[in-house]
file input21.tsv (TSV, C-alpha atoms)
chain	number	residue	atom	x	y	z
I	1	MET	CA	108.57	127.54	156.57
I	2	GLU	CA	105.66	127.44	154.15
I	3	TRP	CA	107.53	129.77	151.85
I	4	LEU	CA	110.52	127.40	151.84
I	5	VAL	CA	108.34	124.42	150.96
I	6	MET	CA	106.77	126.36	148.10
I	7	GLU	CA	110.18	127.34	146.78
I	8	VAL	CA	111.40	123.75	146.89
I	9	LEU	CA	108.29	122.68	144.95
I	10	ASN	CA	108.79	125.54	142.48
I	11	PHE	CA	105.30	126.72	143.41
I	12	GLN	CA	103.82	123.77	141.49
I	13	CYS	CA	101.07	122.69	143.85
I	14	PHE	CA	97.62	121.69	142.74
I	15	LEU	CA	94.38	120.43	144.18
I	16	PRO	CA	93.42	116.89	143.16
I	17	THR	CA	90.34	116.46	141.00
I	18	ILE	CA	88.28	113.47	139.99
I	19	TYR	CA	90.59	112.89	137.03
I	20	ASN	CA	93.61	112.40	139.28
I	21	PHE	CA	91.89	109.29	140.72
I	22	LEU	CA	89.86	108.15	137.73
I	23	TRP	CA	92.67	106.26	136.03
I	24	PHE	CA	93.40	104.37	139.26
I	25	TYR	CA	89.84	103.11	139.68
I	26	LEU	CA	89.48	102.33	135.96
I	27	LYS	CA	92.57	100.18	136.19
I	28	ALA	CA	91.28	98.46	139.34
I	29	ALA	CA	87.98	97.68	137.59
I	30	LYS	CA	89.82	96.40	134.52
I	31	ALA	CA	87.54	98.66	132.54
I	32	ASP	CA	87.18	98.28	128.80
I	33	ALA	CA	87.03	101.22	126.40
I	34	ASP	CA	83.25	101.54	126.71
I	35	VAL	CA	83.32	101.79	130.51
I	36	GLU	CA	86.24	104.21	130.37
I	37	LYS	CA	84.38	106.46	127.92
I	38	ARG	CA	81.24	106.42	130.08
I	39	ALA	CA	83.22	107.09	133.27
I	40	LYS	CA	85.00	110.07	131.75
I	41	TYR	CA	81.73	111.51	130.51
I	42	LEU	CA	80.15	111.05	133.94
I	43	ALA	CA	83.19	112.69	135.54
I	44	VAL	CA	82.72	115.79	133.37
I	45	LEU	CA	79.08	115.96	134.42
I	46	ALA	CA	79.98	115.40	138.08
I	47	LEU	CA	82.45	118.28	137.98
I	48	SER	CA	79.60	120.59	137.00
I	49	ASP	CA	77.57	119.67	140.09
I	50	HIS	CA	78.48	121.82	143.09
I	51	GLU	CA	76.94	119.24	145.43
I	52	GLN	CA	79.86	116.90	144.75
I	53	LEU	CA	82.25	119.30	146.47
I	54	ARG	CA	81.36	117.81	149.85
I	55	TYR	CA	82.94	114.47	148.86
I	56	TRP	CA	86.60	113.71	148.35
I	57	PRO	CA	87.58	113.56	144.67
I	58	SER	CA	88.60	109.92	145.13
I	59	THR	CA	85.10	109.09	146.37
I	60	VAL	CA	83.44	110.75	143.38
I	61	ALA	CA	85.85	109.00	141.00
I	62	ALA	CA	85.09	105.62	142.56
I	63	GLY	CA	81.36	106.29	142.32
I	64	VAL	CA	81.63	107.34	138.69
I	65	VAL	CA	83.56	104.18	137.73
I	66	ILE	CA	81.08	101.95	139.59
I	67	MET	CA	78.12	103.63	137.91
I	68	ALA	CA	79.72	103.35	134.46
I	69	SER	CA	80.44	99.65	135.07
I	70	MET	CA	76.91	98.98	136.25
I	71	ASP	CA	75.44	100.81	133.27
I	72	SER	CA	77.54	98.62	130.95
I	73	ASN	CA	76.29	95.48	132.75
I	74	GLN	CA	79.78	94.68	134.00
I	75	HIS	CA	78.91	93.93	137.60
I	76	GLY	CA	81.98	91.87	138.52
I	77	PRO	CA	84.83	94.37	138.17
I	78	TYR	CA	83.29	97.16	140.22
I	79	HIS	CA	83.52	95.05	143.37
I	80	GLN	CA	87.29	95.58	143.20
I	81	VAL	CA	86.73	99.35	143.14
I	82	ILE	CA	84.51	99.14	146.21
I	83	GLU	CA	87.05	97.00	148.03
I	84	ILE	CA	89.92	99.37	147.25
I	85	HIS	CA	87.94	102.48	148.15
I	86	MET	CA	86.70	101.06	151.45
I	87	ARG	CA	90.29	101.17	152.69
I	88	THR	CA	89.94	104.92	153.01
I	89	LYS	CA	88.91	106.57	156.24
I	90	ASP	CA	85.59	107.98	155.07
I	91	ASN	CA	82.80	105.58	154.19
I	92	ASP	CA	80.60	107.93	152.20
I	93	LEU	CA	80.69	106.07	148.88
I	94	PRO	CA	77.02	104.91	149.04
I	95	GLU	CA	75.86	108.44	149.87
I	96	CYS	CA	78.00	109.88	147.06
I	97	MET	CA	76.59	107.37	144.57
I	98	LYS	CA	73.04	108.34	145.54
I	99	SER	CA	73.88	111.98	144.86
I	100	LEU	CA	75.35	110.98	141.48
I	101	ASP	CA	72.26	109.01	140.50
I	102	TRP	CA	70.94	111.86	138.37
I	103	LEU	CA	73.91	111.42	136.01
I	104	VAL	CA	72.75	108.05	134.73
I	105	GLN	CA	70.01	109.61	132.63
I	106	TYR	CA	72.67	111.35	130.53
I	107	ILE	CA	74.60	108.27	129.47
I	108	ARG	CA	71.78	106.45	127.72
call {"tool": "encode", "arguments": {"input": "input21.tsv", "output": "structure tokens"}}
result
Amino acid sequence: MEWLVMEVLNFQCFLPTIYNFLWFYLKAAKADADVEKRAKYLAVLALSDHEQLRYWPSTVAAGVVIMASMDSNQHGPYHQVIEIHMRTKDNDLPECMKSLDWLVQYIR
């Protein structure tokens, strides 16, 4: 059965990464170009940290967008990101953001 599913999909399956969710959270935060640039840079740095593999890519993407918004002093929009992400089953966003805290030193 798995072989049939793969044939129907033309063997085009992929694992989601932070970037698959980043655009969604940037749109939810109504991010400007500066926040978007910071978030993408943080996402590249987060991909290099093996510790982030224990979190879902959507959680890391939400954390990156929130941190980029906070660093740009845009505190209002990131509440929308938190609200949207809290609809997911896992509530590990605060823990993920603490593990991403080291990234902030690289965006200044």
call {"tool": "atom_distance", "arguments": {"input": "input21.tsv", "atom1": "atom CA of Leu42 of chain I", "atom2": "atom CA of Leu103 of chain I"}}
result
6.6 Å
call {"tool": "residues_around", "arguments": {"input": "input21.tsv", "residues": "Arg38 of chain I", "least_positions_apart": "6", "cutoff": "12 Å", "atoms": "only C-alpha atoms", "output": "list in words"}}
result
Leu22, Leu26, Ala31, Asp32, Val44, Leu45, Val64, Val65, Ile66, Met67, Ala68, Ser69, Met70, Asp71, Ser72, Leu103, Val104, Gln105, Tyr106, Ile107 and Arg108 of chain I
call {"tool": "atom_distance", "arguments": {"input": "input21.tsv", "atom1": "atom CA of Pro57 of chain I", "atom2": "atom CA of Ile18 of chain I"}}
result
4.7 Å
call {"tool": "residues_around", "arguments": {"input": "input21.tsv", "residues": "segment 59-63 of chain I", "least_positions_apart": "3", "cutoff": "8 Å", "atoms": "only C-alpha atoms", "output": "PDB file with C-alpha atoms, keeping the file's coordinate frame"}}
result
ATOM      1  CA  ILE I  18      88.280 113.470 139.990  1.00  0.00           C
ATOM      2  CA  TYR I  19      90.590 112.890 137.030  1.00  0.00           C
ATOM      3  CA  PHE I  21      91.890 109.290 140.720  1.00  0.00           C
ATOM      4  CA  LEU I  22      89.860 108.150 137.730  1.00  0.00           C
ATOM      5  CA  TYR I  25      89.840 103.110 139.680  1.00  0.00           C
ATOM      6  CA  ALA I  43      83.190 112.690 135.540  1.00  0.00           C
ATOM      7  CA  ALA I  46      79.980 115.400 138.080  1.00  0.00           C
ATOM      8  CA  GLN I  52      79.860 116.900 144.750  1.00  0.00           C
ATOM      9  CA  TYR I  55      82.940 114.470 148.860  1.00  0.00           C
ATOM     10  CA  TRP I  56      86.600 113.710 148.350  1.00  0.00           C
ATOM     11  CA  ILE I  66      81.080 101.950 139.590  1.00  0.00           C
ATOM     12  CA  MET I  67      78.120 103.630 137.910  1.00  0.00           C
ATOM     13  CA  VAL I  81      86.730  99.350 143.140  1.00  0.00           C
ATOM     14  CA  ILE I  82      84.510  99.140 146.210  1.00  0.00           C
ATOM     15  CA  HIS I  85      87.940 102.480 148.150  1.00  0.00           C
ATOM     16  CA  ASP I  92      80.600 107.930 152.200  1.00  0.00           C
ATOM     17  CA  LEU I  93      80.690 106.070 148.880  1.00  0.00           C
ATOM     18  CA  CYS I  96      78.000 109.880 147.060  1.00  0.00           C
ATOM     19  CA  MET I  97      76.590 107.370 144.570  1.00  0.00           C
ATOM     20  CA  LEU I 100      75.350 110.980 141.480  1.00  0.00           C
TER      21      LEU I 100
END
call {"tool": "atom_distance", "arguments": {"input": "input21.tsv", "atom1": "atom CA of Pro16 of chain I", "atom2": "atom CA of Ser48 of chain I"}}
result
15.6 Å
call {"tool": "closest_residue", "arguments": {"input": "input21.tsv", "among": "I:Asn91, I:Asn73, I:Ser99, I:Gln80", "to": "Asp34 of chain I", "atoms": "only C-alpha atoms"}}
result
I:Asn73
call {"tool": "closest_residue", "arguments": {"input": "input21.tsv", "among": "I:Ala28, I:Leu9, I:Ala33, I:Leu15", "to": "Ile84 of chain I", "atoms": "all atoms listed in the file"}}
result
I:Ala28
